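Undergrad: Input structure: input.txt, which contains compact mmCIF, C-alpha atoms.
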# COMPACT_ATOMS: atom_id res chain seq x y z
CA MET A 1 0.00 0.00 0.00
CA ASN A 2 2.92 2.30 0.50
CA ASP A 3 3.25 2.51 -3.26
CA HIS A 4 -0.02 4.37 -3.58
CA ALA A 5 -0.67 8.06 -3.18
CA PRO A 6 -2.55 8.79 0.06
CA LEU A 7 -6.23 8.02 -0.37
CA GLY A 8 -5.77 6.97 -3.96
CA GLU A 9 -8.42 4.78 -5.48
CA GLU A 10 -6.69 1.52 -4.65
CA LEU A 11 -6.08 2.57 -1.05
CA LEU A 12 -9.76 3.48 -0.71
CA VAL A 13 -10.71 -0.01 -1.87
CA TRP A 14 -8.44 -1.42 0.87
CA LEU A 15 -10.00 0.82 3.50
CA SER A 16 -13.45 -0.18 2.31
CA ALA A 17 -12.47 -3.85 2.66
CA TYR A 18 -11.08 -3.11 6.15
CA VAL A 19 -14.44 -1.68 7.21
CA ASP A 20 -16.16 -4.80 5.83
CA GLY A 21 -13.86 -7.05 7.86
CA ALA A 22 -12.67 -8.63 4.62
CA LEU A 23 -8.91 -8.29 5.17
CA ASN A 24 -6.69 -10.94 6.69
CA ASP A 25 -4.72 -10.27 9.89
CA GLU A 26 -1.63 -9.10 8.06
CA GLU A 27 -3.53 -6.74 5.77
CA ARG A 28 -5.55 -5.45 8.70
CA ALA A 29 -2.38 -4.74 10.67
CA GLU A 30 -1.01 -2.87 7.69
CA VAL A 31 -4.09 -0.65 7.53
CA ASP A 32 -3.94 -0.10 11.31
CA LYS A 33 -0.32 0.99 10.97
CA ALA A 34 -1.10 3.30 8.06
CA ALA A 35 -4.01 4.83 9.99
CA ALA A 36 -1.77 5.42 13.01
CA GLN A 37 0.74 7.23 10.84
CA ASP A 38 -1.61 9.19 8.63
CA PRO A 39 -4.53 11.11 10.18
CA ALA A 40 -6.17 11.35 6.76
CA ILE A 41 -6.43 7.57 6.62
CA ALA A 42 -7.74 7.41 10.19
CA ALA A 43 -10.33 10.05 9.36
CA GLU A 44 -11.34 8.17 6.24
CA LEU A 45 -11.89 4.99 8.27
CA ASP A 46 -14.02 6.90 10.78
CA ALA A 47 -16.14 8.28 7.99
CA LEU A 48 -16.56 4.86 6.40
CA PHE A 49 -17.64 3.26 9.68
CA ALA A 50 -20.10 6.11 10.29
CA LEU A 51 -21.43 5.72 6.75
CA ASN A 52 -22.00 2.02 7.44
CA ASP A 53 -24.23 2.96 10.39
CA ASP A 54 -26.12 5.39 8.16
CA MET A 55 -26.57 2.82 5.42
CA ARG A 56 -27.83 0.23 7.92
CA ASP A 57 -30.31 2.72 9.38
CA ALA A 58 -31.51 3.61 5.88
CA PHE A 59 -31.96 -0.01 4.77
CA ASP A 60 -33.46 -1.03 8.15
CA GLY A 61 -36.25 1.46 7.48
CA LEU A 62 -37.22 -0.51 4.37
CA LEU A 63 -37.97 -3.61 6.45
CA ASP A 64 -40.93 -1.78 8.00
CA MET A 65 -42.45 -0.76 4.66
CA PRO A 66 -45.93 -2.32 4.42
CA ALA A 67 -46.32 -4.74 1.52
CA PRO A 68 -49.35 -4.32 -0.72
CA PRO A 69 -51.97 -6.96 0.21
CA ALA A 70 -52.13 -8.07 -3.42
CA LEU A 71 -48.53 -9.28 -3.19
CA GLY A 72 -49.32 -12.10 -0.78
CA ASP A 73 -52.60 -12.97 -2.54
CA ASN A 74 -50.93 -13.27 -5.93
CA MET A 75 -48.14 -15.41 -4.59
CA MET A 76 -50.67 -17.77 -3.06
CA SER A 77 -52.16 -18.38 -6.48
CA ALA A 78 -48.81 -18.69 -8.23
CA PRO A 79 -48.78 -21.69 -10.56
CA VAL A 80 -46.60 -24.55 -9.37
CA VAL A 81 -44.92 -26.56 -12.10
CA ALA A 82 -42.13 -28.67 -10.83
CA ASN A 83 -40.67 -32.09 -10.63
CA THR A 84 -42.58 -33.29 -7.60
CA ASN A 85 -40.48 -36.41 -7.32
CA ARG A 86 -37.62 -34.36 -5.98
CA THR A 87 -37.55 -33.87 -2.22
CA PRO A 88 -36.01 -30.33 -2.25
CA TRP A 89 -38.94 -28.99 -4.22
CA LYS A 90 -41.36 -30.17 -1.59
CA ALA A 91 -39.29 -28.68 1.19
CA LEU A 92 -38.83 -25.39 -0.63
CA ALA A 93 -42.47 -25.09 -1.68
CA ALA A 94 -43.56 -25.75 1.87
CA MET A 95 -41.15 -23.14 3.17
CA LEU A 96 -42.18 -20.55 0.59
CA LEU A 97 -45.89 -21.03 1.18
CA LEU A 98 -45.45 -21.12 4.93
CA GLY A 99 -43.67 -17.80 4.63
CA VAL A 100 -46.65 -16.31 2.80
CA PHE A 101 -49.15 -17.76 5.29
CA LEU A 102 -47.28 -16.30 8.18
CA GLY A 103 -46.89 -13.00 6.41
CA SER A 104 -43.14 -13.08 6.84
CA ALA A 105 -40.85 -15.10 4.66
CA THR A 106 -38.01 -13.53 6.59
CA THR A 107 -38.76 -15.85 9.45
CA TRP A 108 -38.13 -18.98 7.49
CA ILE A 109 -35.11 -17.61 5.73
CA THR A 110 -33.36 -16.39 8.81
CA GLN A 111 -34.33 -19.21 11.13
CA SER A 112 -33.68 -22.03 8.72
CA VAL A 113 -30.53 -20.79 7.05
CA ALA A 114 -28.56 -17.98 8.63
CA PRO A 115 -26.50 -18.41 11.78
CA PRO A 116 -27.76 -16.37 14.77
CA LEU A 117 -24.94 -13.85 14.69
CA GLN A 118 -25.64 -13.05 11.07
CA ILE A 119 -29.28 -12.38 11.88
CA ALA A 120 -28.23 -10.02 14.59
CA THR A 121 -25.87 -8.06 12.36
CA ASN A 122 -28.67 -7.33 9.89
CA ARG A 123 -29.84 -4.51 12.17
CA SER A 124 -28.08 -1.59 13.76
CA TRP A 125 -27.43 -1.90 17.49
CA LEU A 126 -29.43 1.26 18.11
CA ALA A 127 -32.53 -0.25 16.49
CA ASP A 128 -32.16 -3.30 18.73
CA VAL A 129 -31.69 -1.17 21.84
CA ALA A 130 -34.80 0.86 20.95
CA GLU A 131 -36.85 -2.32 20.82
CA TYR A 132 -35.45 -3.56 24.11
CA HIS A 133 -36.30 -0.25 25.74
CA GLN A 134 -39.97 -0.56 24.87
CA VAL A 135 -40.03 -3.82 26.80
CA TYR A 136 -37.85 -3.28 29.85
CA ALA A 137 -38.96 0.32 30.56
CA ARG A 138 -42.30 -1.21 31.58
CA GLN A 139 -40.64 -3.78 33.86
CA THR A 140 -40.16 -1.37 36.70
CA ARG A 141 -40.00 -4.16 39.32
CA HIS A 142 -37.46 -6.14 37.29
CA LEU A 143 -35.57 -3.31 35.69
CA ILE A 144 -32.05 -4.40 36.41
CA GLU A 145 -29.75 -7.40 36.82
CA VAL A 146 -27.29 -5.84 39.27
CA GLN A 147 -28.26 -3.24 41.86
CA ALA A 148 -26.85 0.29 41.95
CA SER A 149 -25.25 -0.52 45.33
CA GLU A 150 -22.78 -2.79 43.46
CA LYS A 151 -21.42 0.03 41.33
CA ASP A 152 -17.83 -1.25 41.43
CA HIS A 153 -18.88 -4.72 40.36
CA ILE A 154 -20.96 -3.23 37.53
CA LYS A 155 -17.93 -1.30 36.32
CA THR A 156 -15.68 -4.36 36.32
CA TRP A 157 -18.24 -6.84 35.03
CA LEU A 158 -19.69 -4.81 32.19
CA GLY A 159 -16.40 -3.15 31.29
CA LYS A 160 -14.90 -6.59 30.75
CA GLU A 161 -17.91 -7.90 28.84
CA ILE A 162 -18.11 -5.02 26.36
CA GLY A 163 -14.37 -4.31 26.22
CA VAL A 164 -14.75 -0.63 27.13
CA ALA A 165 -13.62 0.83 30.44
CA PHE A 166 -16.26 3.20 31.84
CA THR A 167 -17.57 4.72 35.03
CA VAL A 168 -21.18 5.13 36.07
CA PRO A 169 -22.09 8.80 35.57
CA ASP A 170 -23.88 10.47 38.46
CA LEU A 171 -26.95 12.17 36.99
CA ALA A 172 -28.62 12.86 40.36
CA ASN A 173 -28.26 16.63 40.00
CA ALA A 174 -30.26 16.40 36.78
CA GLY A 175 -32.99 14.45 38.61
CA TRP A 176 -32.08 10.91 37.51
CA THR A 177 -31.23 8.23 40.07
CA PHE A 178 -29.01 5.29 39.10
CA GLN A 179 -30.90 2.03 39.69
CA GLY A 180 -28.47 -0.57 38.39
CA ALA A 181 -27.32 -2.29 35.23
CA ARG A 182 -27.93 -5.12 32.84
CA LEU A 183 -26.17 -6.72 29.89
CA LEU A 184 -27.82 -6.91 26.47
CA VAL A 185 -26.85 -8.20 23.07
CA ALA A 186 -27.59 -5.83 20.21
CA ALA A 187 -26.50 -6.31 16.59
CA GLY A 188 -24.56 -9.34 17.79
CA LYS A 189 -22.44 -7.36 20.27
CA PRO A 190 -22.55 -7.14 24.06
CA VAL A 191 -24.04 -3.86 25.26
CA ALA A 192 -23.78 -2.49 28.79
CA GLN A 193 -26.88 -0.77 30.00
CA LEU A 194 -27.05 1.59 32.97
CA LEU A 195 -30.59 2.36 34.08
CA TYR A 196 -31.83 5.53 35.73
CA THR A 197 -35.27 6.63 36.91
CA ASP A 198 -36.68 10.05 37.77
CA ALA A 199 -39.13 11.01 40.55
CA ASN A 200 -42.08 10.10 38.28
CA GLY A 201 -40.76 6.62 37.63
CA ALA A 202 -39.72 7.34 34.04
CA VAL A 203 -36.84 5.17 32.83
CA ILE A 204 -33.82 6.11 30.77
CA ALA A 205 -30.93 3.84 29.83
CA LEU A 206 -27.34 4.73 29.12
CA CYS A 207 -26.04 2.09 26.71
CA ALA A 208 -22.43 1.45 25.78
CA LEU A 209 -20.60 -0.88 23.44
CA GLN A 210 -17.22 -1.03 21.80
CA ASN A 211 -16.69 1.58 19.09
CA GLY A 212 -15.60 -0.31 15.97
CA SER A 213 -14.26 2.74 14.18
CA GLY A 214 -12.18 4.25 16.98
CA GLY A 215 -13.39 7.74 16.01
CA ALA A 216 -15.17 10.14 18.36
CA ALA A 217 -18.50 11.71 17.39
CA ASP A 218 -20.57 14.53 18.86
CA THR A 219 -24.05 14.18 20.28
CA ALA A 220 -26.73 13.38 17.73
CA LEU A 221 -30.46 12.79 18.20
CA LYS A 222 -32.14 9.74 16.72
CA THR A 223 -35.66 8.34 16.83
CA PHE A 224 -36.88 4.77 16.39
CA GLY A 225 -40.69 4.78 16.40
CA ALA A 226 -41.68 6.26 19.77
CA ILE A 227 -38.20 5.85 21.28
CA HIS A 228 -35.79 8.78 21.27
CA MET A 229 -32.03 8.57 21.73
CA ALA A 230 -29.03 10.83 22.09
CA THR A 231 -25.88 9.17 20.75
CA TRP A 232 -22.19 9.97 20.83
CA LYS A 233 -18.84 8.21 20.52
CA SER A 234 -15.52 8.31 22.31
CA ALA A 235 -12.33 6.79 20.94
CA THR A 236 -13.26 3.45 22.52
CA GLY A 237 -17.01 3.38 23.02
CA SER A 238 -20.30 4.09 21.25
CA PHE A 239 -22.95 5.44 23.63
CA ALA A 240 -26.68 6.06 23.54
CA LEU A 241 -29.05 7.58 26.07
CA VAL A 242 -32.42 6.00 25.43
CA GLY A 243 -35.97 7.03 26.43
CA GLY A 244 -37.43 10.37 27.44
CA ALA A 245 -37.90 13.53 25.45
CA PRO A 246 -35.26 14.54 22.90
CA ASP A 247 -34.32 17.82 24.63
CA VAL A 248 -33.92 16.04 27.98
CA LEU A 249 -31.74 13.35 26.41
CA GLU A 250 -29.58 15.86 24.59
CA ASN A 251 -29.01 17.76 27.80
CA LEU A 252 -28.26 14.59 29.79
CA ALA A 253 -25.89 13.35 27.08
CA ARG A 254 -23.83 16.52 27.45
CA ILE A 255 -23.65 15.92 31.19
CA ALA A 256 -22.92 12.18 30.95
CA ALA A 257 -20.41 12.17 28.08
CA PRO A 258 -17.48 13.67 30.01
CA LEU A 259 -18.28 11.57 33.12
CA ILE A 260 -18.52 8.11 31.64
CA MET B 261 -40.76 -11.24 3.04
CA PRO B 262 -39.38 -7.86 4.26
CA ARG B 263 -35.80 -8.92 3.45
CA LEU B 264 -36.74 -10.19 0.01
CA ARG B 265 -38.65 -6.97 -0.71
CA ARG B 266 -35.69 -4.93 0.47
CA PHE B 267 -33.34 -6.90 -1.76
CA ALA B 268 -35.76 -6.44 -4.66
CA TRP B 269 -35.85 -2.70 -4.00
CA SER B 270 -32.06 -2.55 -4.07
CA LEU B 271 -32.21 -3.99 -7.59
CA THR B 272 -35.17 -1.96 -8.89
CA ARG B 273 -35.05 1.10 -6.64
CA ASP B 274 -38.76 1.41 -7.22
CA TRP B 275 -41.48 -0.19 -5.03
CA PRO B 276 -44.00 -1.28 -7.70
CA ASP B 277 -41.16 -2.89 -9.66
CA ALA B 278 -39.78 -4.44 -6.47
CA ASP B 279 -43.15 -6.02 -5.56
CA ASP B 280 -43.58 -7.27 -9.10
CA LEU B 281 -40.10 -8.75 -8.93
CA VAL B 282 -40.80 -10.49 -5.60
CA GLN B 283 -43.96 -12.04 -7.00
CA THR B 284 -42.31 -13.24 -10.22
CA SER B 285 -39.37 -14.58 -8.25
CA TYR B 286 -41.62 -16.59 -5.91
CA THR B 287 -43.27 -18.15 -8.94
CA ARG B 288 -39.95 -18.97 -10.52
CA ALA B 289 -38.59 -20.30 -7.22
CA LEU B 290 -41.43 -22.80 -7.06
CA THR B 291 -41.02 -23.89 -10.66
CA ARG B 292 -37.27 -24.28 -10.28
CA ALA B 293 -37.23 -25.63 -6.79
CA ASP B 294 -35.56 -28.83 -7.96
CA GLN B 295 -32.43 -26.74 -8.60
CA TRP B 296 -32.15 -25.79 -4.94
CA GLN B 297 -29.87 -28.11 -3.04
CA SER B 298 -31.20 -28.86 0.41
CA GLY B 299 -28.69 -27.67 2.99
CA THR B 300 -27.43 -24.74 0.92
CA LYS B 301 -28.23 -21.18 1.82
CA LEU B 302 -31.78 -20.51 0.76
CA ASP B 303 -31.53 -16.74 1.07
CA ALA B 304 -28.50 -16.57 -1.25
CA TRP B 305 -30.28 -18.89 -3.71
CA MET B 306 -33.40 -16.70 -3.67
CA TYR B 307 -31.34 -13.53 -4.07
CA ARG B 308 -29.49 -14.98 -7.03
CA LEU B 309 -32.72 -16.14 -8.61
CA MET B 310 -34.28 -12.72 -8.03
CA ARG B 311 -31.32 -10.99 -9.58
CA ASN B 312 -31.62 -13.21 -12.68
CA VAL B 313 -35.35 -12.48 -12.91
CA TRP B 314 -34.61 -8.77 -12.73
CA ILE B 315 -32.02 -9.00 -15.49
CA ASP B 316 -34.55 -10.80 -17.69
CA LYS B 317 -37.16 -8.15 -16.98
CA THR B 318 -34.88 -5.25 -17.70
CA ARG B 319 -33.65 -6.83 -20.91
CA LYS B 320 -37.25 -7.07 -22.04
CA ARG B 321 -38.21 -3.59 -21.05
CA LYS B 322 -34.87 -1.93 -21.76
CA THR B 323 -35.81 0.77 -19.29
CA ARG B 324 -34.12 1.14 -16.01
CA VAL B 325 -34.43 3.42 -13.07
CA GLY B 326 -31.50 5.08 -11.42
CA GLN B 327 -29.54 6.44 -14.33
CA GLY B 328 -30.52 10.00 -13.63
CA GLN B 329 -34.02 9.93 -15.09
CA GLU B 330 -35.75 9.85 -11.74
CA ASP B 331 -35.14 12.40 -9.07
CA ALA B 332 -34.82 9.78 -6.38
CA ALA B 333 -34.25 12.39 -3.71
CA THR B 334 -37.83 13.55 -4.05
CA SER B 335 -39.50 10.26 -4.87
CA ASP B 336 -42.35 9.35 -2.49
CA ALA B 337 -41.60 5.71 -3.16
CA LEU B 338 -38.41 6.04 -1.16
CA GLN B 339 -39.90 7.46 1.98
CA THR B 340 -39.67 5.09 4.91
CA SER B 341 -42.10 5.13 7.81
CA GLY B 342 -41.86 7.70 10.59
CA ASP B 343 -41.34 11.42 10.63
CA SER B 344 -38.36 12.04 12.85
CA GLN B 345 -35.11 13.76 12.02
CA THR B 346 -33.47 10.34 11.97
CA THR B 347 -35.97 9.06 9.44
CA ALA B 348 -35.52 12.19 7.38
CA TYR B 349 -31.77 11.58 7.27
CA ALA B 350 -32.26 7.87 6.59
CA ASN B 351 -34.48 8.85 3.65
CA GLN B 352 -31.78 11.22 2.45
CA VAL B 353 -29.22 8.40 2.59
CA LEU B 354 -31.61 6.03 0.86
CA ALA B 355 -32.33 8.54 -1.89
CA GLN B 356 -28.61 8.76 -2.60
CA ILE B 357 -28.28 4.96 -2.54
CA ALA B 358 -31.06 4.83 -5.15
CA LEU B 359 -29.06 7.17 -7.37
CA LEU B 360 -25.98 4.94 -7.38
CA PRO B 361 -25.13 3.20 -10.66
CA GLU B 362 -27.04 -0.01 -11.30
CA GLY B 363 -25.91 -2.95 -9.21
CA PHE B 364 -24.06 -0.80 -6.66
CA SER B 365 -26.90 -0.48 -4.14
CA THR B 366 -27.42 -4.24 -4.04
CA VAL B 367 -23.75 -4.84 -3.30
CA VAL B 368 -23.96 -2.25 -0.50
CA LEU B 369 -27.03 -3.99 0.95
CA LEU B 370 -25.51 -7.46 0.80
CA VAL B 371 -22.13 -6.61 2.31
CA ALA B 372 -22.47 -3.51 4.48
CA VAL B 373 -25.99 -4.12 5.77
CA GLU B 374 -26.62 -7.88 5.69
CA GLY B 375 -23.04 -8.97 6.31
CA HIS B 376 -22.61 -11.32 3.35
CA SER B 377 -19.01 -12.10 2.47
CA TYR B 378 -17.43 -10.78 -0.71
CA SER B 379 -17.46 -14.25 -2.25
CA GLU B 380 -21.15 -14.83 -1.40
CA THR B 381 -21.98 -11.43 -2.87
CA ALA B 382 -19.94 -12.13 -6.00
CA GLU B 383 -21.84 -15.38 -6.46
CA ILE B 384 -25.27 -13.81 -5.92
CA MET B 385 -24.52 -10.96 -8.30
CA ASP B 386 -22.53 -13.12 -10.75
CA ILE B 387 -19.63 -10.68 -10.80
CA PRO B 388 -15.94 -11.07 -9.84
CA ILE B 389 -14.89 -10.37 -6.24
CA GLY B 390 -12.74 -7.51 -7.51
CA THR B 391 -15.86 -5.87 -8.92
CA VAL B 392 -17.63 -6.31 -5.57
CA MET B 393 -14.74 -4.53 -3.86
CA SER B 394 -14.52 -1.69 -6.36
CA ARG B 395 -18.29 -1.18 -6.41
CA LEU B 396 -18.37 -0.97 -2.62
CA SER B 397 -15.56 1.53 -2.43
CA SER B 398 -16.96 3.59 -5.28
CA ALA B 399 -20.47 3.52 -3.76
CA ARG B 400 -19.10 4.70 -0.43
CA GLN B 401 -17.18 7.57 -1.98
CA LYS B 402 -20.17 8.65 -4.06
CA LEU B 403 -22.46 8.53 -1.02
CA ARG B 404 -20.04 10.45 1.14
CA ALA B 405 -19.62 13.13 -1.50
CA ALA B 406 -23.37 13.45 -2.09
CA LEU B 407 -24.26 13.53 1.61
CA THR B 408 -21.53 16.02 2.38
CA GLN B 409 -22.76 18.22 -0.46
CA GLN B 410 -26.26 18.12 1.05
CA GLY B 411 -24.85 19.34 4.35
CA GLY B 412 -25.27 15.82 5.62
CA ALA B 413 -24.37 16.18 9.26
CA ARG B 414 -25.53 12.94 10.88
CA ARG B 415 -28.62 13.45 12.93
Please lay out the structure from this file as structure tokens.

TA:
Amino acid sequence: MNDHAPLGEELLVWLSAYVDGALNDEERAEVDKAAAQDPAIAAELDALFALNDDMRDAFDGLLDMPAPPALGDNMMSAPVVANTNRTPWKALAAMLLLGVFLGSATTWITQSVAPPLQIATNRSWLADVAEYHQVYARQTRHLIEVQASEKDHIKTWLGKEIGVAFTVPDLANAGWTFQGARLLVAAGKPVAQLLYTDANGAVIALCALQNGSGGAADTALKTFGAIHMATWKSATGSFALVGGAPDVLENLARIAAPLI
Amino acid sequence: MPRLRRFAWSLTRDWPDADDLVQTSYTRALTRADQWQSGTKLDAWMYRLMRNVWIDKTRKRKTRVGQGQEDAATSDALQTSGDSQTTAYANQVLAQIALLPEGFSTVVLLVAVEGHSYSETAEIMDIPIGTVMSRLSSARQKLRAALTQQGGARR
């Protein structure tokens, strides 16, 4: 790679392959070394990782697009002309029709073929966390796995699990009391979740996982259905404050980011 | 079905065409089911079949979307559900993906979003691995340039 001009076309293809996890160890080490020596390469990698998140968010949105009712009806009446003596045809036809009956062929594709991790990586971690929040925020009696009183254990346990050293930010002055923590898996990665409640019993979660790109990012607001988030990145971690109103989250994110 | 429809959209970049493609592909899948080897990846097989159906269709029609005729950035067909800032930005990203040269958006979907390997993607798309790599890099650079030009601060 040293033969190429910085950020020449061929180098960009290498960086793209790095982001896709398609390089071998030696090639990956070479890119890491180049990125350490050249800020332009490091910045390019950051931008490519961020673009990946954007592309996933964009394509994830398409999964929720309602299908026209006629699509399923027409497929049900699709003519079947096949060699019925062959076993695979029977299996496939059954799977295809089952998919239509259930209204989701995705189910049979993912459950019958793809390994679990691959299923998980089809969605962004933020989309997964948003879904989790809609469930656990209602479980006020079973909100956490480890109590707030075990703050040191939480730090050690979750820091080791997600591979990011962090501290539990004190948000009491902003009206949010730390209740404890739990461990989730989102987009196939372990996610640490610190849970806080306010005087009205509202729940917010501060989520953290390893930052794949290594690049920091400022606070940004995101929305998944009814769930709002404020996100940011440090050199080692990707963070999201989940739940509550956008302005509250943005404010809390500014308080929490330097503390975590 | 959502994943198949999404894959179809990445080929057609137009919802009516995508739904038509899904329907035709289901029919063809059933009539060619004896070609599917039990134990092989069904999603990759369906994707490859769908891509072949789309090529047949476009050869017949000789009209394709995404070569500048359609202002994808303003197309209603691209709007995803929701009305938040995030959705607005996701729609902006999607509109630019729709404007990529033919075949680029599908490679982006397969590798960057669904996590298929380069070799799986090459097989589905029936193109060399080198072309997968160059399309991905080129798609990323085009998207970055377009989003930056639109003042695309991530929201």

Undergrad: Between B:Asp294, B:Asp280, B:Glu362, B:Glu380, which one has atoms that come closest to Lys317 (chain B), using all atoms listed in the file?

TA: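 That would be B:Asp280, the residue with the smallest distance to Lys317 (chain B).
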
Undergrad: With a distance cut-off of 12 Å and only C-alpha atoms, select the neighbouring residues of Ala245 (chain A), excluding the residue or stretch itself and same-chain residues fewer than 5 positions from it, and output the selection as a PyMOL selection string.

TA: chain A and resi 202-204+221-223+226-230+250-252

Undergrad: Taking into account all atoms listed in the file, which residue in the set B:Asp386, B:Leu407, B:Gln295, B:Leu290 is nearest to Leu354 (chain B)?

TA: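 Comparing B:Asp386, B:Leu407, B:Gln295, B:Leu290 against Leu354 (chain B), the winner is B:Leu407.
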
Undergrad: Near Thr272 (chain B), counting all atoms listed in the file, which residues have an atom at most 10 Å away, once you skip same-chain residues fewer than 5 positions from it, shown as a VMD selection string?

TA: chain B and resid 266 to 267 277 to 281 311 314 318 324 to 326 358 362 to 363 365 to 366

Undergrad: Which of these residues is nearest to chain B, using all atoms listed in the file: A:Ile41, A:Leu206, A:Ala148, A:Leu23?

TA: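 Selected residue with least distance to chain B: A:Leu23.
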
Undergrad: When distances are computed from all atoms listed in the file, which of B:Ile384, B:Arg319, B:Leu309, B:Leu403 shows the smallest separation from chain A?

TA: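 Smallest distance to chain A is found for B:Leu403.
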
Undergrad: Would you compute the distance between CA of Asn200 (chain A) and CA of Pro169 (chain A)? Give it in Å to one decimal.

TA: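 It comes out at 20.2 Å.
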
Undergrad: Would you list the contacts of Pro388 (chain B) as a list in words, taking every protein, DNA or RNA residue within 10 Å and counting all atoms listed in the file, but skipping same-chain residues closer than 6 positions in sequence?

TA: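 Contacts, with the query itself left out: Tyr378, Ser379, Thr381 and Ala382 of chain B.
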
Undergrad: When you draw a straight line from CA of Gln356 (chain B) to CA of Ala405 (chain B), how long is it in Å?

TA: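 Here the two named atoms are 10.1 Å from each other.
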
Undergrad: CA of Pro361 (chain B) and CA of Ile389 (chain B), how far apart in Å?

TA: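 Distance reported for this atom pair: 17.6 Å.
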
Undergrad: Restricting the calculation to only C-alpha atoms, which member of A:Ala137, A:Ala217, A:Ile154, A:Leu63 is positioned closest to Gly244 (chain A)?

TA: A:Ala137
